[in-house]
Structure formats: structure tokens, C-alpha cells
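Containing CSV, C-alpha atoms: run-v5.csv.
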```
chain,number,residue,atom,x,y,z
F,25,MET,CA,156.1,85.1,128.2
F,26,PRO,CA,153.0,84.1,130.2
F,27,ASP,CA,151.3,80.8,129.5
F,28,LEU,CA,148.0,82.2,128.1
F,29,ARG,CA,146.6,78.7,127.6
F,30,GLN,CA,147.2,77.7,131.2
F,31,GLN,CA,145.8,81.0,132.6
F,32,ALA,CA,142.7,80.6,130.4
F,33,ARG,CA,142.3,77.0,131.7
F,34,ASP,CA,142.7,78.1,135.3
F,35,PHE,CA,140.1,80.9,134.9
F,36,ALA,CA,137.5,78.7,133.3
F,37,GLY,CA,138.2,75.9,135.8
F,38,VAL,CA,137.5,78.3,138.7
F,39,ILE,CA,134.2,79.4,137.1
F,40,ALA,CA,133.1,75.8,136.4
F,41,GLY,CA,134.0,74.8,139.9
F,42,LEU,CA,132.1,77.7,141.4
F,43,LEU,CA,128.9,76.9,139.3
F,44,ASN,CA,129.1,73.1,139.9
F,45,GLY,CA,129.8,73.7,143.6
F,46,THR,CA,126.7,75.9,144.1
F,47,VAL,CA,123.8,75.9,141.7
F,48,CYS,CA,124.6,73.6,138.8
F,49,ASP,CA,125.5,70.1,138.0
F,50,GLY,CA,128.2,69.0,135.4
F,51,ILE,CA,128.2,72.3,133.5
F,52,THR,CA,131.2,72.6,131.2
F,53,ILE,CA,132.9,76.0,130.7
F,54,PRO,CA,135.4,75.9,127.8
F,55,ALA,CA,138.1,78.5,127.3
F,56,TYR,CA,138.5,79.9,123.8
F,57,VAL,CA,142.0,81.2,123.2
F,58,TYR,CA,143.0,83.4,120.3
F,59,LYS,CA,146.6,84.4,120.5
F,60,PRO,CA,148.5,86.4,121.3
F,61,ALA,CA,146.5,87.8,124.1
F,62,HIS,CA,142.8,87.2,124.2
F,63,VAL,CA,140.4,84.7,125.8
F,64,LEU,CA,136.7,84.0,125.8
F,65,ILE,CA,135.0,81.9,128.5
F,66,GLY,CA,131.5,80.6,128.4
F,67,HIS,CA,129.2,77.6,128.1
F,68,GLY,CA,128.6,76.6,124.4
F,69,LEU,CA,131.7,78.1,122.9
F,70,SER,CA,133.3,76.0,120.2
F,71,ARG,CA,135.9,76.5,117.5
F,72,ASP,CA,133.2,77.8,115.1
F,73,THR,CA,131.0,79.8,117.4
F,74,LEU,CA,131.6,82.8,119.7
F,75,GLU,CA,128.1,82.7,121.0
F,76,VAL,CA,127.6,81.4,124.6
F,77,GLU,CA,124.5,79.4,125.6
F,78,PRO,CA,122.4,79.4,128.7
F,79,PHE,CA,122.5,76.4,131.1
F,80,ARG,CA,120.1,75.0,133.6
F,81,LEU,CA,120.1,76.0,137.3
F,82,ARG,CA,119.5,72.6,138.8
F,83,ILE,CA,121.1,70.1,141.0
F,84,GLY,CA,120.7,66.5,139.8
F,85,GLN,CA,118.1,65.5,137.3
F,86,GLY,CA,115.2,67.5,138.7
F,87,ARG,CA,113.4,70.3,136.8
F,88,ALA,CA,115.4,73.4,136.3
F,89,HIS,CA,114.4,76.4,138.4
F,90,GLY,CA,115.8,78.8,135.8
F,91,TRP,CA,118.7,79.3,133.4
F,92,LEU,CA,121.9,81.3,133.6
F,93,GLU,CA,124.1,82.5,130.8
F,94,ILE,CA,127.6,83.8,131.3
F,95,SER,CA,130.5,85.0,129.3
F,96,TYR,CA,133.8,86.6,129.9
F,97,ARG,CA,136.2,88.3,127.5
F,98,LEU,CA,139.7,88.5,128.9
F,99,ARG,CA,143.0,89.9,127.7
F,100,LEU,CA,146.5,90.1,129.0
F,101,ASP,CA,147.1,93.2,131.1
F,102,ASP,CA,149.2,96.1,129.9
F,103,GLU,CA,152.3,94.4,131.3
F,104,GLY,CA,151.5,91.3,129.3
F,105,GLU,CA,151.6,89.1,132.3
F,106,TYR,CA,148.1,88.3,133.7
F,107,LEU,CA,144.6,87.9,132.3
F,108,THR,CA,142.3,90.8,133.1
F,109,VAL,CA,138.6,90.9,132.4
F,110,GLN,CA,137.7,93.1,129.4
F,111,SER,CA,134.0,92.4,129.6
F,112,SER,CA,131.6,90.1,131.3
F,113,TYR,CA,127.9,89.2,131.0
F,114,PHE,CA,125.6,87.3,133.4
F,115,GLY,CA,122.0,86.8,132.2
F,116,VAL,CA,119.2,85.3,134.3
F,117,PHE,CA,116.3,83.6,132.4
F,118,ALA,CA,113.2,81.7,133.3
F,119,ASN,CA,113.9,79.2,130.5
F,120,ASP,CA,116.1,78.8,127.5
F,121,ASN,CA,114.2,81.3,125.4
F,122,GLU,CA,115.8,84.7,125.4
F,123,ARG,CA,112.3,86.3,125.8
F,124,SER,CA,112.2,84.9,129.3
F,125,LEU,CA,115.1,87.2,130.4
F,126,LEU,CA,114.7,88.6,134.0
F,127,CYS,CA,117.9,90.7,134.2
F,128,HIS,CA,121.5,90.8,133.2
F,129,VAL,CA,124.7,92.2,134.8
F,130,ASP,CA,127.2,93.5,132.3
F,131,TYR,CA,130.7,94.8,132.6
F,132,GLU,CA,132.6,96.5,129.8
F,133,ARG,CA,135.9,98.0,130.5
F,134,ASP,CA,136.5,101.5,129.0
F,135,LYS,CA,132.9,101.7,127.9
F,136,THR,CA,132.1,104.9,126.0
F,137,HIS,CA,129.2,107.3,125.8
F,138,GLY,CA,128.6,107.8,129.5
F,139,TYR,CA,127.0,104.5,130.4
F,140,PRO,CA,128.6,102.9,133.5
F,141,GLU,CA,131.2,100.2,132.9
F,142,ALA,CA,129.4,97.9,135.3
F,143,HIS,CA,125.6,97.9,135.2
F,144,LEU,CA,122.4,96.0,135.8
F,145,GLN,CA,119.6,95.9,133.2
F,146,VAL,CA,116.2,94.6,134.2
F,147,ASP,CA,113.6,93.4,131.8
F,148,GLY,CA,110.0,94.4,132.6
F,149,GLU,CA,107.7,97.4,132.7
F,150,SER,CA,107.9,100.5,134.8
F,151,ALA,CA,105.0,102.8,135.3
F,152,ALA,CA,107.4,105.5,136.7
F,153,LEU,CA,109.5,105.4,133.5
F,154,ALA,CA,106.5,105.4,131.3
F,155,ALA,CA,105.3,108.7,133.0
F,156,TRP,CA,108.8,110.2,133.0
F,157,ARG,CA,109.4,113.4,131.0
F,158,LEU,CA,112.8,112.5,129.4
F,159,THR,CA,115.3,115.2,128.6
F,160,ASP,CA,115.7,114.2,125.0
F,161,GLY,CA,111.9,114.3,124.4
F,162,THR,CA,111.6,110.6,123.5
F,163,ARG,CA,108.9,108.5,124.9
F,164,ASP,CA,109.9,105.0,123.9
F,165,ARG,CA,112.3,104.1,126.7
F,166,VAL,CA,111.6,100.9,128.6
F,167,LEU,CA,113.0,99.6,131.8
F,168,ALA,CA,115.4,97.3,130.0
F,169,ASP,CA,117.0,100.3,128.4
F,170,LEU,CA,118.2,101.7,131.7
F,171,HIS,CA,121.8,100.9,132.8
F,172,PHE,CA,121.7,100.9,136.6
F,173,PRO,CA,125.3,101.4,137.9
F,174,VAL,CA,126.6,98.7,140.1
F,175,GLY,CA,130.0,99.5,141.7
F,176,GLY,CA,132.3,100.4,138.8
F,177,ARG,CA,135.4,98.5,137.6
F,178,ARG,CA,136.8,97.6,141.0
F,179,TYR,CA,133.7,97.0,143.0
F,180,ARG,CA,131.4,95.5,140.4
F,181,PRO,CA,129.3,92.4,141.3
F,182,ALA,CA,131.1,89.1,140.7
F,183,LEU,CA,129.4,85.9,139.4
F,184,GLU,CA,129.4,84.9,143.1
F,185,ASP,CA,127.0,87.8,143.9
F,186,VAL,CA,124.7,86.8,141.1
F,187,ILE,CA,124.6,83.2,142.4
F,188,GLU,CA,123.9,84.4,145.9
F,189,PHE,CA,121.1,86.5,144.6
F,190,LEU,CA,119.6,83.5,142.8
F,191,VAL,CA,119.7,81.3,145.9
F,192,VAL,CA,118.6,84.0,148.5
F,193,GLU,CA,115.7,85.1,146.3
F,194,LYS,CA,114.6,81.4,145.8
F,195,LEU,CA,115.3,81.5,142.1
F,196,ALA,CA,117.7,78.6,142.3
F,197,SER,CA,118.5,75.8,144.8
F,198,GLY,CA,121.9,75.8,146.3
F,199,ARG,CA,123.9,72.6,146.9
F,200,PRO,CA,124.7,71.6,150.4
F,201,GLY,CA,127.7,73.7,151.3
F,202,TRP,CA,127.1,76.2,148.5
F,203,LYS,CA,127.7,79.2,150.7
F,204,SER,CA,131.2,78.2,151.8
F,205,VAL,CA,132.2,77.4,148.2
F,206,LEU,CA,130.8,80.8,147.2
F,207,ASP,CA,132.4,82.8,150.0
F,208,ALA,CA,135.8,81.3,149.4
F,209,SER,CA,135.6,82.1,145.7
F,210,ARG,CA,134.3,85.6,146.3
F,211,GLU,CA,137.0,86.3,148.8
F,212,GLY,CA,139.5,85.5,146.0
F,213,PHE,CA,137.8,87.9,143.6
F,214,ARG,CA,137.6,90.7,146.1
F,215,ARG,CA,141.3,90.3,147.1
F,216,ARG,CA,142.3,90.5,143.4
F,217,GLN,CA,140.1,93.6,143.0
F,218,LEU,CA,141.6,95.2,146.1
F,219,ARG,CA,145.2,94.5,144.8
F,220,ALA,CA,144.3,96.1,141.5
F,221,ALA,CA,142.8,99.2,143.3
F,222,ILE,CA,145.9,99.5,145.4
F,223,ARG,CA,148.2,99.1,142.4
F,224,ARG,CA,146.4,102.0,140.6
F,225,ASP,CA,146.5,104.3,143.6
F,226,ILE,CA,149.5,103.5,145.7
F,227,GLU,CA,149.6,106.9,147.5
F,228,THR,CA,146.0,106.6,148.9
F,229,ALA,CA,146.8,103.0,150.0
F,230,LYS,CA,150.0,104.1,151.7
F,231,GLN,CA,148.1,106.9,153.5
F,232,ALA,CA,145.4,104.4,154.6
F,233,VAL,CA,148.0,102.0,156.1
F,234,LYS,CA,149.7,104.9,157.8
F,235,ASP,CA,146.4,106.0,159.3
F,236,PHE,CA,145.9,102.5,160.7
F,237,ASP,CA,149.4,102.5,162.2
F,238,THR,CA,148.9,105.7,164.1
Q,16,MET,CA,137.3,73.8,143.4
Q,17,ALA,CA,138.8,74.1,139.9
Q,18,GLN,CA,137.6,71.6,137.2
Q,19,ASP,CA,138.9,70.1,134.0
Q,20,VAL,CA,138.4,72.5,131.1
Q,21,GLU,CA,138.5,72.2,127.4
Q,22,VAL,CA,140.8,74.8,125.9
Q,23,ILE,CA,140.0,75.7,122.3
Q,24,GLU,CA,143.0,77.4,120.7
Q,25,VAL,CA,142.4,79.2,117.4
Q,26,SER,CA,144.5,81.2,115.0
Q,27,GLN,CA,143.7,84.8,114.3
Q,28,THR,CA,142.3,83.7,110.9
Q,29,GLU,CA,139.9,81.2,112.6
Q,30,TYR,CA,138.9,83.8,115.1
Q,31,ARG,CA,138.1,86.4,112.4
Q,32,ARG,CA,136.1,83.8,110.5
Q,33,ALA,CA,134.1,82.9,113.6
Q,34,ARG,CA,133.5,86.6,114.3
Q,35,GLU,CA,132.3,87.3,110.8
Q,36,ALA,CA,130.0,84.3,110.9
Q,37,ALA,CA,128.5,85.5,114.1
Q,38,LEU,CA,127.9,88.9,112.6
Q,39,ARG,CA,126.4,87.4,109.5
Q,40,GLU,CA,124.0,85.3,111.5
Q,41,LEU,CA,122.9,88.5,113.3
Q,42,GLY,CA,122.5,90.3,110.0
Q,43,LEU,CA,124.8,93.1,111.2
Q,44,THR,CA,128.1,94.5,110.2
Q,45,TYR,CA,130.7,95.3,112.8
Q,46,ARG,CA,130.1,99.0,112.3
Q,47,GLU,CA,126.4,98.6,112.8
Q,48,LEU,CA,127.0,96.6,116.0
Q,49,GLN,CA,129.5,99.2,117.2
Q,50,ALA,CA,126.9,101.9,116.5
Q,51,GLN,CA,124.3,100.1,118.7
Q,52,ALA,CA,126.9,99.8,121.4
Q,53,ARG,CA,127.5,103.6,121.3
Q,54,THR,CA,123.8,104.2,122.0
Q,55,GLY,CA,123.6,101.5,124.6
Q,56,ARG,CA,120.5,100.1,122.8
Q,57,PHE,CA,120.9,96.8,120.9
Q,58,SER,CA,118.6,95.3,118.4
Q,59,SER,CA,118.5,92.1,120.3
Q,60,LEU,CA,120.0,90.3,123.3
Q,61,ARG,CA,122.1,88.3,120.9
Q,62,ALA,CA,123.6,91.5,119.5
Q,63,ARG,CA,124.4,92.7,123.0
Q,64,LYS,CA,126.1,89.4,123.9
Q,65,LEU,CA,128.0,89.4,120.7
Q,66,TRP,CA,129.3,92.9,121.3
Q,67,LEU,CA,130.5,91.9,124.8
Q,68,ALA,CA,132.2,88.9,123.2
Q,69,ILE,CA,134.0,90.7,120.4
Q,70,GLY,CA,133.7,94.3,121.6
Q,71,SER,CA,136.1,96.9,120.3
Q,72,ARG,CA,138.5,95.2,117.9
Q,73,PRO,CA,141.4,93.6,119.8
Q,74,ARG,CA,144.7,95.4,118.9
Q,75,SER,CA,146.1,92.1,117.6
Q,76,ALA,CA,143.1,90.7,115.7
```

Using the file provided, produce a representation of the structure as C-alpha cells.
Amino acid sequence: MPDLRQQARDFAGVIAGLLNGTVCDGITIPAYVYKPAHVLIGHGLSRDTLEVEPFRLRIGQGRAHGWLEISYRLRLDDEGEYLTVQSSYFGVFANDNERSLLCHVDYERDKTHGYPEAHLQVDGESAALAAWRLTDGTRDRVLADLHFPVGGRRYRPALEDVIEFLVVEKLASGRPGWKSVLDASREGFRRRQLRAAIRRDIETAKQAVKDFDT
Amino acid sequence: MAQDVEVIEVSQTEYRRAREAALRELGLTYRELQAQARTGRFSSLRARKLWLAIGSRPRSA
């Protein structure tokens, strides 16, 4: 039987290390474990609340540039061995008021009704969308309603990609050495995703290796 | 660069209680939240976040 508690601790520790090694300072990321097989990860979780809270994007005691909010829901995989992400949410805010939302990146495994499992939603206005003749005849869609697809289950953006976006777009300051912390962490994420992709399509992987060998 | 982490371990009863409290605060039933998820349009960001946290009912809860 896998040690769910330890796996949850490890996962949350990696997320906290990534955040505090790049764009934050002293952020705590608890792991909420409900047996036999489920875990929530996010700042602000407690025994009584399942709601995560945003935290400041700042290094040291200076004024925050913005706020970030994250959550992960994980469960043991079908083999009952390793934690796998069931859903995740990364929200970017100007301050701690939810009305200051800039965008959020969501992932929901096995999402129904046609929306992409991994998607980006942007708050704001779009003149193009306002002028659009929608196929269902409605006229009340706003930009935030659109689910922009971002890579699917295996190639979705990681938290590392969101952090990189924040620093590169001058929305947050990166610590000295933030890029190497981020690259090392992202490399781990991408390797895990690649392994999962190979596991689910062994024949294509074998053919690709064979192609390289010839 | 893994860090020390607080691990909150709850029983299924405690989890269900926390889930019901979160729904109550939102003023939604699980079915109403589920219906919003089906359309991809939530009544608030809190509702969207709660759906991502509790999602489809775990098989064991």
C-alpha cells in the first residue's frame, strides 16, 4: 500500500519549494489528505476549509506586485500506486480581491461537455467577441467565458510555466537564480508527463525509438 | 528544493462535513454546482474553485 501521506507531503513540498525559490517568500502549502486515495494541495487549506487563498507575489517585505492562487486535487492512479493530478487551478490577480482577476489556467481530467481539459480563461473585454454572431444565438458571452485550449492532459502548462509568464511579463519579480530553480522543476514535470504519455501509447513510443536507431 | 509541509489528515466524515460547509457558504447544492460545471459557466470564481477542489464525487467519499 503506498504511503499517501508521504506522497502528499512530497508533492506539496515541491510546490512550496518552487514558489519560495522563484517569486514568493515563506509561503506555506499544506497538504489535505482524505483517505483512502485523495489529496488537496493549496495555500489556506485547513481541517475545516477546502477553499484555497491567494498569496502575495513578492520577495522580502516589499509591496506585492500581484497575487497568485493555486490548488491541486490529486488521487491515486488506477494502479493505486502514485498520486496523479485530477484537477488544478492557477489564478493570477492584481490584489487579494477576486474582482482583480487577470486570468486563470485550469486543468480538469475527464472534463465533460466538450470543453478542453486544460484551458486558459482571461478576464476582460473583447470587441471581437462582442461583435461575434454566435451559433446558439446568445449575445451575453464575455471573454472570461471562453476556454482557450492549452496543450491537453499531457502537455498542459505547469505551475512553472505560469511563474515564468509572471516574471517575463514583469508581473512579478524573480529571486536571484529563479530560472535555474524553475528549469529544474519543470524538467521533472515534463519527464513525468512524457513517461505517462509513453505508458499510454507504448507502440508509438517503440516506433519512435526504432526510427531513431535506424 | 522541497520544504517542510503541514499534512492535514481527515476522515471521510470530516471531509464530507467540510465539503458541505463550503457548498453552504456558496449557497449552492452539489447538483447546482455540477450543473454549472456542465455548462462551463460558474456563478462566481469561488464556485469554479470549489468545483475544481471537490469535482466529481470521489468514488470513496

Kindly determine which residues of chain Q lie within 9 Å of chain F, considering all atoms listed in the file, and give the answer as a PyMOL selection string. chain Q and resi 16-27+29-30+32-34+36-37+52-56+60-61+64-65+67-70+73+75-76

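Note that the spacing between CA of Phe79 in chain F and CA of Thr108 in chain F amounts to 24.6 Å.
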
Please identify all polymer residues within 9 Å of Val166 in chain F, counting only C-alpha atoms, omitting same-chain residues fewer than 2 positions from it, and present them as a list of chain:residue names. F:Asp147, F:Gly148, F:Glu149, F:Ser150, F:Leu153, F:Ala154, F:Arg163, F:Asp164, F:Ala168, F:Asp169, F:Leu170

At what distance in Å, to one decimal, does CA of Thr46 in chain F lie from CA of Ile83 in chain F? 8.6 Å

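If you look at CA of Ala182 in chain F and CA of Ala232 in chain F, they are 25.1 Å away from each other.
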
Contacts of Leu81 in chain F at 12 Å or less, counting all atoms listed in the file, minus same-chain residues fewer than 6 places along, as a PDB file with C-alpha atoms, in the coordinates of the input?
```pdb
ATOM      1  CA  LEU F  43     128.900  76.900 139.300  1.00  0.00           C
ATOM      2  CA  ASN F  44     129.100  73.100 139.900  1.00  0.00           C
ATOM      3  CA  GLY F  45     129.800  73.700 143.600  1.00  0.00           C
ATOM      4  CA  THR F  46     126.700  75.900 144.100  1.00  0.00           C
ATOM      5  CA  VAL F  47     123.800  75.900 141.700  1.00  0.00           C
ATOM      6  CA  CYS F  48     124.600  73.600 138.800  1.00  0.00           C
ATOM      7  CA  ASP F  49     125.500  70.100 138.000  1.00  0.00           C
ATOM      8  CA  GLY F  50     128.200  69.000 135.400  1.00  0.00           C
ATOM      9  CA  ILE F  51     128.200  72.300 133.500  1.00  0.00           C
ATOM     10  CA  ARG F  87     113.400  70.300 136.800  1.00  0.00           C
ATOM     11  CA  ALA F  88     115.400  73.400 136.300  1.00  0.00           C
ATOM     12  CA  HIS F  89     114.400  76.400 138.400  1.00  0.00           C
ATOM     13  CA  GLY F  90     115.800  78.800 135.800  1.00  0.00           C
ATOM     14  CA  TRP F  91     118.700  79.300 133.400  1.00  0.00           C
ATOM     15  CA  LEU F  92     121.900  81.300 133.600  1.00  0.00           C
ATOM     16  CA  GLU F  93     124.100  82.500 130.800  1.00  0.00           C
ATOM     17  CA  VAL F 116     119.200  85.300 134.300  1.00  0.00           C
ATOM     18  CA  PHE F 117     116.300  83.600 132.400  1.00  0.00           C
ATOM     19  CA  ALA F 118     113.200  81.700 133.300  1.00  0.00           C
ATOM     20  CA  ASN F 119     113.900  79.200 130.500  1.00  0.00           C
ATOM     21  CA  ASP F 120     116.100  78.800 127.500  1.00  0.00           C
ATOM     22  CA  ILE F 187     124.600  83.200 142.400  1.00  0.00           C
ATOM     23  CA  LEU F 190     119.600  83.500 142.800  1.00  0.00           C
ATOM     24  CA  VAL F 191     119.700  81.300 145.900  1.00  0.00           C
ATOM     25  CA  LYS F 194     114.600  81.400 145.800  1.00  0.00           C
ATOM     26  CA  LEU F 195     115.300  81.500 142.100  1.00  0.00           C
ATOM     27  CA  ALA F 196     117.700  78.600 142.300  1.00  0.00           C
ATOM     28  CA  SER F 197     118.500  75.800 144.800  1.00  0.00           C
ATOM     29  CA  GLY F 198     121.900  75.800 146.300  1.00  0.00           C
ATOM     30  CA  ARG F 199     123.900  72.600 146.900  1.00  0.00           C
TER      31      ARG F 199
END
```

Tell me, as a PyMOL selection string, which residues lie within 9 Å of Tyr45 in chain Q, counting only C-alpha atoms; anything in the same chain fewer than 4 positions away does not count. chain Q and resi 35+38+49-50+66

Deliver the residues from the most recent selection as a file, using C-alpha atoms, as a compact mmCIF listing (two decimals), in the coordinates of the input.
```
# COMPACT_ATOMS: atom_id res chain seq x y z
CA GLU Q 35 132.30 87.30 110.80
CA LEU Q 38 127.90 88.90 112.60
CA GLN Q 49 129.50 99.20 117.20
CA ALA Q 50 126.90 101.90 116.50
CA TRP Q 66 129.30 92.90 121.30
```

Centre and edge lengths, as JSON, for the axis-aligned box enclosing every listed atom of range 148-156 of chain F with 5 Å of padding on each of the six sides, in Å to one decimal?
```
{"center_x": 107.5, "center_y": 102.3, "center_z": 134.0, "size_x": 15.0, "size_y": 25.8, "size_z": 15.4}
```

Which residue of F:Leu183, F:Val192, F:Leu158, F:Leu218 approaches Leu206 in chain F most closely, using all atoms listed in the file: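 Closest to Leu206 in chain F, using all atoms listed in the file: F:Leu183.
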